[in-house]
Structure formats: C-alpha cells, structure tokens
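Trainee: This structure is in structure tokens; I'll ask about it shortly.
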Amino acid sequence: MEIDPLSELRDVIYPVDPGFWPPAIGWWIVLVLVILCLIGAVYLFRSIYLRLAETSFVKEVDALTQLQPREAVGELSILMRRIAITRFPRDSVAGLSGEDWLQFLDQSGNTDQFTTGPGRALVSAPYSNLTPENLDPLFKICRDWAKSVTV
C-alpha cells in the first residue's frame with residue numbers, strides 16, 4: 001500500500017483582514033499632529049488679530065488728538081465702548097454709563113485711574129473745561145487699558 005503524501009496536506013488558511021479599528025500607531029501620531037497644528041493656527045491667528053486690534057486702536061486714538069477736546073473725549077469713550085463690547089459680554093458692558101462705566105474700566109484694566117484719575121474726563125467732559133494738554137494723560141490711560149484687555 002502506497003501512502004499518498006498529498007493526502008496529508010491541508011488547505012492554506014489566510015489571516016483575517018485587519019479591521020478598521022483600532023488604527024495603527026502612525027494614524028494616532030498623524031491625528032495628534034493635526035490637532036496640534038490646529039491649536040497652533042488658532043493661537044497664531046488670535047495673536048495676530050489682537051495685535052492688529054491694538055494697533056488700530058492706537059491709530060484711532062492718535063487721530064482723535066486732532067479733534068476739539070470735548071469731541072475727542074466723546075469719540076474716545078465710544079471707541080473704548082466698542083473695544084469693551086468686543087472683548088466682554090455685551091450684556092454686561094452695553095448698558096453701563098457714568099460711574100458704572102468708569103468702575104468697569106478700572107476693574108477690567110486693573111487700575112483706578114478712571115474713577116479717581118484723568119479717566120473721570122470720560123463722564124465729566126461735557127461739564128468741564130478741557131484743553132488738549134489735559135487730554136494727554138487720558139489718552140495714555142486709555143491706550144494702557146486697551147493693551148491690557150487685548151492681551
């Protein structure tokens with residue numbers, strides 16, 4: 001009796017195709033890199049936007065120095081309110097006026113120059129005798145405030 005050597009062989013069993021999940025380590029690395037790039041892009045665009053906003057504010061304040069003192073103070077207050085509305089919740093800023101507005105500026109800028117210093121001119125300008133020389137300290141603290149809230 002002859003033994004057939006082929007009868008002892010078995011069929012080839014192919015491995016199961018790999019599933020979609022979990023992905024290979026390379027895909028995890030790619031995912032982490034994409035997330036880091038997105039975070040970096042958001043941070044970069046935010047910092048560029050804030051620098052442009054600060055530069056724009058300084059240019060607008062410099063343009064206000066050419067106006068009459070009372071008109072300059074009124075425009076400065078409007079400009080600061082625009083910045084405050086873009087940086088803080090509209091509900092908490094839009095309705096402020098008088099002393100409340102000055103207190104908000106002091107709190108948000110970590111200063112006391114609005115309620116006790118030259119910043120009082122923002123609410124007392126219509127009733128006081130302003131000169132361009134009196135406005136220099138006001139413009140300075142407004143620039144400082146804008147820098148502090150846009151950083």
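Each chain in the structure tokens gets a letter, A, B, ..., in the order shown, and its residues are numbered from 1; ligands are numbered from 1 in order too.
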Please identify all polymer residues within 7 Å of segment 118-135 of chain A, counting only C-alpha atoms, omitting same-chain residues fewer than 3 positions from it, and present them as a PyMOL selection string.
Mentor: chain A and resi 69-70+73+77+98+113-115+138-139
Trainee: Next, the residues of the selection above should be written as a short mmCIF file (atom, residue, chain, number, x, y, z; two decimals), in the first residue's frame with C-alpha atoms.
Mentor:
```
data_model
loop_
_atom_site.label_atom_id
_atom_site.label_comp_id
_atom_site.auth_asym_id
_atom_site.auth_seq_id
_atom_site.Cartn_x
_atom_site.Cartn_y
_atom_site.Cartn_z
CA PRO A 69 -11.22 118.33 23.31
CA ARG A 70 -14.90 117.67 24.07
CA VAL A 73 -13.36 112.68 24.65
CA SER A 77 -15.49 106.92 25.01
CA GLY A 98 -21.38 107.24 34.28
CA GLN A 113 -7.21 105.88 37.01
CA PHE A 114 -10.73 106.05 35.60
CA THR A 115 -12.66 106.58 38.82
CA LEU A 138 -6.47 110.48 29.45
CA PHE A 139 -5.24 109.19 26.09
#
```
Trainee: Just give me the gap between atom CA of Phe88 of chain A and atom CA of Ser108 of chain A in Å, one decimal is fine.
Mentor: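 Separating atom CA of Phe88 of chain A from atom CA of Ser108 of chain A is a distance of 9.2 Å.
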Trainee: Please, what distance in Å, to one decimal, runs between atom CA of Leu64 of chain A and atom CA of Leu52 of chain A?
Mentor: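 Interatomic distance here is 18.4 Å.
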